[in-house]
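S.K.: For reference, this is final_16.txt, and it has compact mmCIF, C-alpha atoms.
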# COMPACT_ATOMS: atom_id res chain seq x y z
CA MET A 207 41.61 5.50 13.75
CA ARG A 208 41.99 6.93 10.28
CA ARG A 209 39.27 4.56 9.06
CA LEU A 210 36.94 5.74 11.81
CA ALA A 211 37.59 9.37 10.89
CA LEU A 212 36.86 8.61 7.24
CA ALA A 213 33.65 6.82 8.19
CA LEU A 214 32.57 9.80 10.28
CA VAL A 215 33.29 12.22 7.42
CA TRP A 216 31.33 9.99 5.03
CA THR A 217 28.37 9.76 7.41
CA ALA A 218 28.42 13.53 7.90
CA ALA A 219 28.48 14.05 4.14
CA LEU A 220 25.47 11.75 3.74
CA ALA A 221 23.63 13.57 6.48
CA THR A 222 24.39 16.85 4.70
CA CYS A 223 23.00 15.49 1.42
CA ALA A 224 19.81 14.32 3.12
CA ALA A 225 19.52 17.61 4.99
CA ASN A 226 19.99 19.56 1.75
CA ALA A 227 17.23 17.55 0.17
CA GLN A 228 15.04 18.37 3.12
CA ASP A 229 15.57 22.12 2.98
CA GLY A 230 12.11 23.50 3.40
CA THR A 231 9.52 20.77 3.35
CA LEU A 232 9.56 17.36 1.74
CA PRO A 233 7.49 16.96 -1.41
CA LYS A 234 3.90 16.04 -0.61
CA GLY A 235 3.48 12.37 0.14
CA LEU A 236 7.08 11.70 1.14
CA MET A 237 7.97 10.89 4.73
CA ALA A 238 11.35 10.68 6.42
CA LEU A 239 12.29 7.33 7.95
CA ASP A 240 14.50 6.65 10.93
CA GLY A 241 17.49 5.47 8.92
CA GLY A 242 17.35 1.83 9.88
CA PRO A 243 19.23 -0.61 7.65
CA ALA A 244 17.42 -1.59 4.46
CA PRO A 245 16.34 -5.24 4.40
CA ALA A 246 18.16 -7.57 2.04
CA LEU A 247 17.23 -7.23 -1.60
CA LYS A 248 18.73 -9.75 -3.97
CA LEU A 249 16.61 -10.68 -6.95
CA TYR A 250 16.72 -11.43 -10.68
CA ASP A 251 15.05 -9.59 -13.52
CA MET A 252 13.18 -11.28 -16.37
CA ASP A 253 16.42 -11.70 -18.33
CA GLY A 254 18.08 -13.51 -15.46
CA GLU A 255 20.29 -10.57 -14.49
CA SER A 256 20.82 -10.39 -10.74
CA PHE A 257 20.73 -7.32 -8.53
CA ASP A 258 21.97 -7.10 -4.95
CA LEU A 259 21.30 -3.94 -2.98
CA THR A 260 24.58 -4.32 -1.12
CA ASP A 261 26.39 -3.82 -4.46
CA ALA A 262 24.71 -0.42 -4.77
CA ARG A 263 26.46 1.04 -1.73
CA GLY A 264 27.86 4.48 -2.46
CA HIS A 265 24.83 5.94 -4.16
CA TRP A 266 21.14 6.51 -3.55
CA VAL A 267 18.72 3.80 -4.65
CA PHE A 268 15.05 4.28 -5.52
CA VAL A 269 13.36 0.98 -4.60
CA HIS A 270 9.83 0.71 -5.92
CA PHE A 271 7.43 -2.16 -5.14
CA TRP A 272 4.53 -2.67 -7.52
CA ALA A 273 2.00 -5.10 -9.01
CA SER A 274 -0.02 -4.90 -12.21
CA TRP A 275 -3.34 -5.26 -10.40
CA CYS A 276 -2.89 -2.11 -8.35
CA GLN A 277 -4.61 0.85 -9.97
CA PRO A 278 -2.26 3.57 -8.65
CA CYS A 279 0.68 1.56 -10.09
CA ARG A 280 -0.76 2.00 -13.57
CA ARG A 281 -0.85 5.78 -13.14
CA GLU A 282 2.50 6.05 -11.39
CA MET A 283 4.69 3.84 -13.57
CA PRO A 284 4.94 6.19 -16.59
CA THR A 285 6.01 8.99 -14.23
CA ILE A 286 8.79 6.76 -12.90
CA GLN A 287 9.94 6.06 -16.44
CA ARG A 288 10.08 9.79 -17.24
CA MET A 289 11.85 10.50 -13.94
CA ALA A 290 14.41 7.74 -14.63
CA THR A 291 15.10 9.27 -18.03
CA ARG A 292 15.55 12.74 -16.53
CA MET A 293 17.84 11.35 -13.80
CA GLU A 294 19.87 9.17 -16.16
CA THR A 295 22.98 11.32 -15.87
CA THR A 296 22.93 11.22 -12.07
CA SER A 297 24.02 8.46 -9.70
CA LEU A 298 20.47 7.59 -8.66
CA GLU A 299 19.76 3.93 -9.22
CA VAL A 300 16.12 3.11 -10.00
CA VAL A 301 15.12 -0.39 -8.98
CA LEU A 302 11.65 -1.81 -9.52
CA VAL A 303 10.42 -4.90 -7.71
CA ASN A 304 7.35 -6.69 -8.99
CA THR A 305 5.48 -8.51 -6.26
CA ALA A 306 4.54 -12.12 -6.93
CA GLU A 307 3.51 -11.97 -10.57
CA THR A 308 4.52 -13.95 -13.65
CA ASP A 309 6.77 -12.88 -16.53
CA ASP A 310 3.79 -12.81 -18.90
CA THR A 311 1.78 -10.51 -16.66
CA VAL A 312 4.69 -8.18 -16.04
CA PHE A 313 5.73 -8.12 -19.68
CA GLY A 314 2.18 -7.31 -20.76
CA PHE A 315 1.85 -4.52 -18.21
CA LEU A 316 5.21 -2.80 -18.55
CA GLY A 317 5.14 -3.14 -22.33
CA ILE A 318 2.15 -0.83 -22.35
CA VAL A 319 2.70 1.60 -19.48
CA ALA A 320 6.50 1.88 -19.20
CA PRO A 321 8.38 -0.11 -21.85
CA GLU A 322 11.77 1.36 -20.95
CA LEU A 323 11.72 0.16 -17.35
CA PRO A 324 13.19 -3.20 -16.33
CA THR A 325 11.98 -4.80 -13.12
CA LEU A 326 13.22 -7.32 -10.64
CA MET A 327 10.91 -10.26 -10.03
CA ASP A 328 9.98 -11.10 -6.45
CA ARG A 329 8.38 -14.31 -7.66
CA ASP A 330 7.09 -15.62 -4.34
CA GLY A 331 6.58 -12.18 -2.75
CA LEU A 332 8.85 -12.94 0.20
CA VAL A 333 11.28 -10.07 -0.40
CA THR A 334 8.34 -7.66 -0.47
CA GLU A 335 7.11 -9.13 2.80
CA ARG A 336 10.52 -8.52 4.33
CA TRP A 337 10.47 -4.85 3.30
CA GLN A 338 6.93 -4.37 4.63
CA PRO A 339 5.83 -1.55 2.34
CA ARG A 340 2.68 0.23 3.47
CA GLY A 341 0.91 -1.14 0.42
CA LEU A 342 1.42 -1.31 -3.32
CA PRO A 343 2.79 0.81 -4.83
CA SER A 344 5.45 1.88 -2.34
CA THR A 345 8.80 3.54 -2.87
CA PHE A 346 11.76 3.63 -0.51
CA LEU A 347 14.82 5.82 -0.92
CA VAL A 348 17.90 4.04 0.37
CA ASP A 349 20.95 6.15 1.13
CA PRO A 350 24.50 5.34 -0.01
CA SER A 351 25.23 3.51 3.24
CA GLY A 352 22.25 1.21 2.75
CA ARG A 353 19.85 2.86 5.16
CA LEU A 354 16.15 3.61 4.67
CA ARG A 355 15.77 7.38 4.54
CA PHE A 356 12.46 8.19 2.86
CA LEU A 357 9.18 6.49 2.03
CA ALA A 358 6.67 7.66 -0.55
CA LEU A 359 3.07 7.14 0.45
CA GLY A 360 1.12 5.52 -2.38
CA GLY A 361 1.46 6.55 -6.01
CA ARG A 362 3.37 9.79 -6.72
CA GLU A 363 4.11 11.91 -9.76
CA TRP A 364 7.84 11.33 -9.84
CA ASP A 365 8.42 13.51 -12.87
CA SER A 366 6.86 16.57 -11.24
CA ALA A 367 9.16 19.52 -10.56
CA ASP A 368 8.98 19.02 -6.76
CA TYR A 369 10.14 15.43 -6.90
CA LEU A 370 12.81 15.96 -9.55
CA GLU A 371 14.28 18.83 -7.55
CA PHE A 372 14.21 16.76 -4.39
CA LEU A 373 15.92 13.79 -6.04
CA ARG A 374 18.54 15.99 -7.68
CA LYS A 375 19.41 17.56 -4.33
CA LEU A 376 19.55 14.15 -2.78
CA VAL A 377 22.13 12.79 -5.20
CA ALA A 378 24.11 16.02 -5.52
CA PRO A 379 27.66 15.64 -4.18
CA PRO A 380 28.28 17.53 -0.95
CA PRO A 381 29.69 21.02 -1.52
CA MET B 151 -16.36 15.97 28.52
CA GLN B 152 -14.37 17.63 25.74
CA LEU B 153 -13.72 14.23 24.20
CA LEU B 154 -17.43 13.39 24.34
CA LEU B 155 -18.30 16.67 22.68
CA GLY B 156 -15.68 15.96 20.03
CA ILE B 157 -17.16 12.54 19.34
CA LEU B 158 -20.68 13.90 19.15
CA LEU B 159 -19.58 16.70 16.83
CA THR B 160 -17.71 14.28 14.58
CA LEU B 161 -20.67 11.94 14.43
CA HIS B 162 -23.01 14.80 13.73
CA MET B 163 -20.89 16.08 10.87
CA SER B 164 -20.51 12.71 9.15
CA ILE B 165 -22.46 12.27 5.98
CA VAL B 166 -23.40 8.72 5.06
CA VAL B 167 -24.74 8.22 1.58
CA ALA B 168 -25.25 5.50 -0.98
CA GLY B 169 -22.28 5.26 -3.32
CA ASN B 170 -22.07 4.92 -7.09
CA GLY B 171 -22.65 1.17 -7.27
CA PRO B 172 -25.96 -0.44 -6.33
CA ASP B 173 -24.68 -1.65 -2.96
CA GLU B 174 -21.89 0.84 -2.34
CA VAL B 175 -21.97 3.21 0.62
CA TYR B 176 -19.62 5.90 1.76
CA VAL B 177 -19.19 8.17 4.70
CA GLU B 178 -17.37 11.46 4.68
CA ASN B 179 -16.53 14.01 7.33
CA ALA B 180 -13.69 16.43 8.08
CA ILE B 181 -11.44 13.60 9.26
CA PHE B 182 -11.85 10.79 6.76
CA ARG B 183 -13.68 9.45 3.74
CA LEU B 184 -14.58 5.77 3.70
CA ARG B 185 -16.12 3.90 0.76
CA LEU B 186 -17.34 0.33 1.07
CA ILE B 187 -18.00 -1.59 -2.14
CA PRO B 188 -19.40 -5.13 -1.93
CA ARG B 189 -17.97 -7.42 -4.65
CA THR B 190 -19.74 -10.30 -6.32
CA PRO B 191 -18.29 -13.84 -6.25
CA GLN B 192 -17.80 -13.59 -10.03
CA GLN B 193 -15.78 -10.39 -9.66
CA MET B 194 -13.53 -11.93 -7.05
CA ALA B 195 -13.13 -15.21 -8.93
CA ALA B 196 -12.20 -13.34 -12.12
CA PHE B 197 -9.62 -11.23 -10.28
CA TYR B 198 -7.86 -14.13 -8.60
CA GLU B 199 -8.20 -16.50 -11.57
CA ALA B 200 -6.38 -13.90 -13.67
CA ARG B 201 -3.57 -14.07 -11.11
CA GLY B 202 -3.22 -17.81 -11.45
CA PHE B 203 -4.96 -18.91 -8.26
CA PRO B 204 -5.77 -22.64 -8.28
CA GLN B 205 -9.38 -23.72 -8.63
CA GLY B 206 -9.56 -25.00 -5.05
CA ALA B 207 -8.71 -21.53 -3.77
CA ILE B 208 -11.16 -19.87 -6.17
CA ASP B 209 -13.96 -22.12 -4.92
CA ARG B 210 -13.28 -21.05 -1.33
CA LEU B 211 -13.00 -17.37 -2.26
CA LYS B 212 -16.39 -17.52 -4.02
CA ARG B 213 -18.00 -18.71 -0.81
CA ALA B 214 -16.90 -15.57 1.07
CA CYS B 215 -18.32 -12.05 1.14
CA PHE B 216 -15.81 -9.48 -0.11
CA VAL B 217 -16.17 -5.78 0.58
CA THR B 218 -13.56 -3.41 -0.85
CA ALA B 219 -12.78 -0.54 1.52
CA LEU B 220 -11.20 2.71 0.34
CA LEU B 221 -10.14 5.05 3.12
CA ARG B 222 -8.53 8.48 2.96
CA ASN B 223 -7.26 10.59 5.84
CA LYS B 224 -8.73 14.04 5.23
CA GLY B 225 -7.53 15.54 8.49
CA THR B 226 -4.30 17.15 9.56
CA GLU B 227 -3.37 14.48 12.13
CA VAL B 228 -2.49 10.81 11.87
CA LEU B 229 -5.63 8.69 11.50
CA TRP B 230 -5.49 5.17 12.91
CA LEU B 231 -7.15 2.35 11.08
CA ALA B 232 -7.42 -0.70 13.32
CA LEU B 233 -9.77 -3.34 11.97
CA ASP B 234 -10.19 -4.91 15.39
CA ASP B 235 -12.02 -1.70 16.33
CA TRP B 236 -14.62 -2.26 13.63
CA ARG B 237 -17.86 -4.12 14.26
CA PHE B 238 -19.96 -6.01 11.73
CA ASP B 239 -23.53 -6.80 12.76
CA SER B 240 -26.48 -8.46 11.08
CA ASP B 241 -29.97 -9.02 12.46
CA ASP B 242 -28.70 -12.39 13.68
CA GLY B 243 -25.86 -10.85 15.67
CA PRO B 244 -22.20 -10.02 15.25
CA ILE B 245 -20.34 -11.23 12.17
CA ALA B 246 -16.72 -12.32 12.65
CA ARG B 247 -14.32 -11.23 9.93
CA LEU B 248 -12.35 -13.85 8.04
CA ASP B 249 -8.99 -12.38 8.93
CA ARG B 250 -5.43 -12.96 7.76
CA ALA B 251 -4.94 -15.84 10.18
CA TYR B 252 -8.02 -17.60 8.77
CA TRP B 253 -6.81 -17.26 5.19
CA GLY B 254 -3.23 -18.13 6.08
CA ALA B 255 -4.40 -21.41 7.64
CA LEU B 256 -6.66 -22.16 4.68
CA TRP B 257 -3.91 -21.53 2.12
CA ARG B 258 -1.58 -23.81 4.05
CA GLN B 259 -4.24 -26.50 4.14
CA LEU B 260 -4.84 -26.14 0.39
CA ASP B 261 -1.10 -25.80 -0.22
CA ILE B 262 -1.53 -22.93 -2.66
CA PRO B 263 1.63 -21.36 -4.13
CA GLN B 264 3.51 -18.78 -2.08
CA ALA B 265 3.05 -16.15 -4.82
CA ASN B 266 -0.74 -16.50 -4.58
CA ARG B 267 -0.61 -16.18 -0.80
CA SER B 268 1.44 -13.03 -1.14
CA THR B 269 -0.90 -11.48 -3.71
CA PHE B 270 -3.90 -12.32 -1.56
CA ARG B 271 -2.36 -10.67 1.50
CA TRP B 272 -1.63 -7.48 -0.43
CA THR B 273 -5.22 -7.27 -1.62
CA LEU B 274 -6.56 -7.28 1.95
CA LEU B 275 -7.12 -4.06 3.87
CA PRO B 276 -4.28 -3.68 6.41
CA GLU B 277 -5.20 -4.72 9.95
CA VAL B 278 -3.55 -1.61 11.40
CA ARG B 279 -2.32 1.52 9.66
CA ASP B 280 -1.28 5.00 10.85
CA LEU B 281 -2.58 6.98 7.91
CA GLN B 282 -0.70 10.23 7.40
CA PRO B 283 -2.61 13.36 6.37
CA ASP B 284 -3.93 12.88 2.83
CA GLU B 285 -2.74 9.28 2.73
CA HIS B 286 -5.19 6.70 1.48
CA VAL B 287 -5.38 2.96 1.73
CA GLY B 288 -7.53 0.37 0.04
CA GLY B 289 -8.14 -3.33 0.26
CA ASN B 290 -10.66 -6.03 0.90
CA ILE B 291 -12.47 -6.95 4.08
CA VAL B 292 -13.78 -10.50 4.03
CA LEU B 293 -16.80 -11.82 5.90
CA PRO B 294 -18.61 -15.13 5.85
CA ARG B 295 -21.23 -14.99 3.08
CA HIS B 296 -24.73 -14.58 4.49
CA GLU B 297 -28.21 -13.45 3.56
CA GLY B 298 -29.62 -10.12 4.59
CA ARG B 299 -28.29 -6.71 5.38
CA PHE B 300 -25.54 -5.84 7.79
CA THR B 301 -24.11 -2.78 9.48
CA VAL B 302 -20.47 -1.75 9.73
CA ARG B 303 -19.44 0.34 12.70
CA ALA B 304 -15.98 1.71 11.87
CA ARG B 305 -14.10 3.34 14.74
CA PHE B 306 -11.07 5.56 14.23
CA ILE B 307 -8.71 7.39 16.53
CA THR B 308 -6.48 10.28 15.55
CA GLY B 309 -3.08 11.37 16.80
CA GLU B 310 0.38 9.91 16.49
CA GLN B 311 0.06 8.20 19.88
CA ARG B 312 -3.61 7.24 19.37
CA ARG B 313 -4.68 9.71 21.99
CA GLY B 314 -6.63 12.14 19.79
CA LYS B 315 -10.26 12.36 18.80
CA GLU B 316 -12.36 9.27 18.35
CA SER B 317 -14.64 9.10 15.37
CA VAL B 318 -17.20 6.42 14.65
CA ALA B 319 -18.96 5.90 11.34
CA THR B 320 -21.96 3.65 11.08
CA LEU B 321 -22.70 2.34 7.61
CA LYS B 322 -26.01 0.55 7.38
CA ASP B 323 -27.79 -1.56 4.80
CA LEU B 324 -24.76 -3.24 3.33
CA ARG B 325 -25.18 -6.69 1.87
CA CYS B 326 -23.01 -9.34 0.31
CA ALA B 327 -23.15 -8.75 -3.43
CA GLU B 328 -24.66 -11.57 -5.48
CA ASP B 329 -23.78 -12.64 -8.99
CA GLU B 330 -26.19 -11.45 -11.64
CA VAL B 331 -28.48 -14.23 -12.74
CA ASN B 332 -28.93 -14.37 -16.50
CA PRO B 333 -32.55 -14.98 -17.56
With the file now loaded, output its structure as structure tokens.
M.R.:
Amino acid sequence: MRRLALALVWTAALATCAANAQDGTLPKGLMALDGGPAPALKLYDMDGESFDLTDARGHWVFVHFWASWCQPCRREMPTIQRMATRMETTSLEVVLVNTAETDDTVFGFLGIVAPELPTLMDRDGLVTERWQPRGLPSTFLVDPSGRLRFLALGGREWDSADYLEFLRKLVAPPP
Amino acid sequence: MQLLLGILLTLHMSIVVAGNGPDEVYVENAIFRLRLIPRTPQQMAAFYEARGFPQGAIDRLKRACFVTALLRNKGTEVLWLALDDWRFDSDDGPIARLDRAYWGALWRQLDIPQANRSTFRWTLLPEVRDLQPDEHVGGNIVLPRHEGRFTVRARFITGEQRRGKESVATLKDLRCAEDEVNP
């Protein structure tokens, strides 16, 4: 019973965070999702470090799917790097997923456009298929209970004031 | 009657012009902007070769007619892209698209790596998409390669439930782009 009450309080707190972030209108290009569970995401980066989305429960995760051949990705990636730097002191976890490319390609691309950003490697593209983004690039915001809350349509300027404010509100602890 | 008037008005307001490239065309109205850019076999081979596609796949890709489509929803309602609602016609009759099922079967037959299959799928124009206001989408449409000009009749419907206005754009005089022949 006590566990249920705690779960309800936690869910209410999450809902409050999301609602706070949605005060007024969402930043242009961001749409609210229905809160369905995020698909599995367990991948390795180029250094062999593993990441499992289920281990990220308890804080918001920015999940970004990309490929070097997509033109909007080239424009968007530096803005993600700057946003990640600005959000470093918050609990937001920024996770990049490269779709079906090789280490050489990814290394060559990120080395130029966003050298500070590590990326997970979806080597066969099957994880991306499971998430069904609307295209590349695509960004999902996953809430602390592992549910899909927001989707960014196409490439966005993540370091713009609108987005930074939105993300800060999202990760702010409930009052 | 209102719907008919809406269609006629939309058609009337559409502007179809030649695009920047020699074979590129685009249409623009209050609801959407659509650009169609035919790609040469060399362009497509270079793109997929750079992504590690095996030679057998490249050979098959070079035999097809690729047209890159760039679509933006300029309206205030959801705009539905549904490729099954598009028609491709040449003087010889309708042209059937080489759709995802066609390529999926071919890649299985050629046993090309899963990563290549995934990349190829992401470079195709989605079959269906509910484009939000100001959202854009891009990707390739693939047809059998053929001589002569063809016409694309692209039909769109607006509204979250696909019950809004219908808009049809007719883009004429497209052709499969050919490689440049060096003298």
S.K.: Please report as JSON lines every residue of stretch 225-329 of chain A lying within 9 Å of stretch 192-205 of chain B, along with the nearest atom pair and their distance in Å (one decimal), using all atoms listed in the file.
M.R.:
{"residue": "A:Trp275", "atom": "CA", "partner": "B:Phe197", "partner_atom": "CA", "distance": 8.7}
{"residue": "A:Glu307", "atom": "CA", "partner": "B:Arg201", "partner_atom": "CA", "distance": 7.4}
{"residue": "A:Thr308", "atom": "CA", "partner": "B:Arg201", "partner_atom": "CA", "distance": 8.5}
{"residue": "A:Thr311", "atom": "CA", "partner": "B:Arg201", "partner_atom": "CA", "distance": 8.5}
S.K.: I need the residue nearest chain A from this list: B:Leu275, B:Leu233, B:Ala304, B:Val177. Use all atoms listed in the file for the distance.
M.R.: B:Leu275
S.K.: When the cut-off is 9 Å and we count all atoms listed in the file, which residues of chain A are near chain B, given as a VMD selection string?
M.R.: chain A and resid 235 273 275 to 276 305 to 308 311 328 to 332 334 to 335 340 to 342 359 to 360
S.K.: Residues of the last selection are to be written out with C-alpha atoms, as a compact mmCIF listing (two decimals), keeping the file's coordinate frame.
M.R.:
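Output (result23.txt):
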# COMPACT_ATOMS: atom_id res chain seq x y z
CA GLY A 235 3.48 12.37 0.14
CA ALA A 273 2.00 -5.10 -9.01
CA TRP A 275 -3.34 -5.26 -10.40
CA CYS A 276 -2.89 -2.11 -8.35
CA THR A 305 5.48 -8.51 -6.26
CA ALA A 306 4.54 -12.12 -6.93
CA GLU A 307 3.51 -11.97 -10.57
CA THR A 308 4.52 -13.95 -13.65
CA THR A 311 1.78 -10.51 -16.66
CA ASP A 328 9.98 -11.10 -6.45
CA ARG A 329 8.38 -14.31 -7.66
CA ASP A 330 7.09 -15.62 -4.34
CA GLY A 331 6.58 -12.18 -2.75
CA LEU A 332 8.85 -12.94 0.20
CA THR A 334 8.34 -7.66 -0.47
CA GLU A 335 7.11 -9.13 2.80
CA ARG A 340 2.68 0.23 3.47
CA GLY A 341 0.91 -1.14 0.42
CA LEU A 342 1.42 -1.31 -3.32
CA LEU A 359 3.07 7.14 0.45
CA GLY A 360 1.12 5.52 -2.38
S.K.: Would you compute the distance between atom CA of B:Ser317 and atom CA of B:Trp236? Give it in Å to one decimal.
M.R.: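 These two atoms are separated by 11.5 Å.
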S.K.: Using all atoms listed in the file, find all polymer residues with an atom at most 12 Å away from the point (18.1, 0.9, 3.4); report them as a ChimeraX atom specification.
M.R.: /A:239-247,259-260,262-269,337,345-357
S.K.: Can you tell me which residues surround stretch 280-285 of chain A at a distance of at most 9 Å, considering only C-alpha atoms, apart from same-chain residues fewer than 4 positions away, and format the answer as a count of residues only?
M.R.: 20
S.K.: So which one's closest to A:Ile318, A:Leu249, A:His270, A:Gln287, A:Lys234? Using only C-alpha atoms, please.
M.R.: A:Gln287
S.K.: Work out how far atom CA of A:Ser344 is from atom CA of A:Ile286, in Å to one decimal.
M.R.: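 Answer for the atom CA of A:Ile286 to atom CA of A:Ser344 separation: 12.1 Å.
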S.K.: State, in Å with one decimal place, the distance from atom CA of B:Arg299 to atom CA of B:Ile208.
M.R.: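 Spanning atom CA of B:Arg299 to atom CA of B:Ile208 is a straight-line distance of 24.5 Å.
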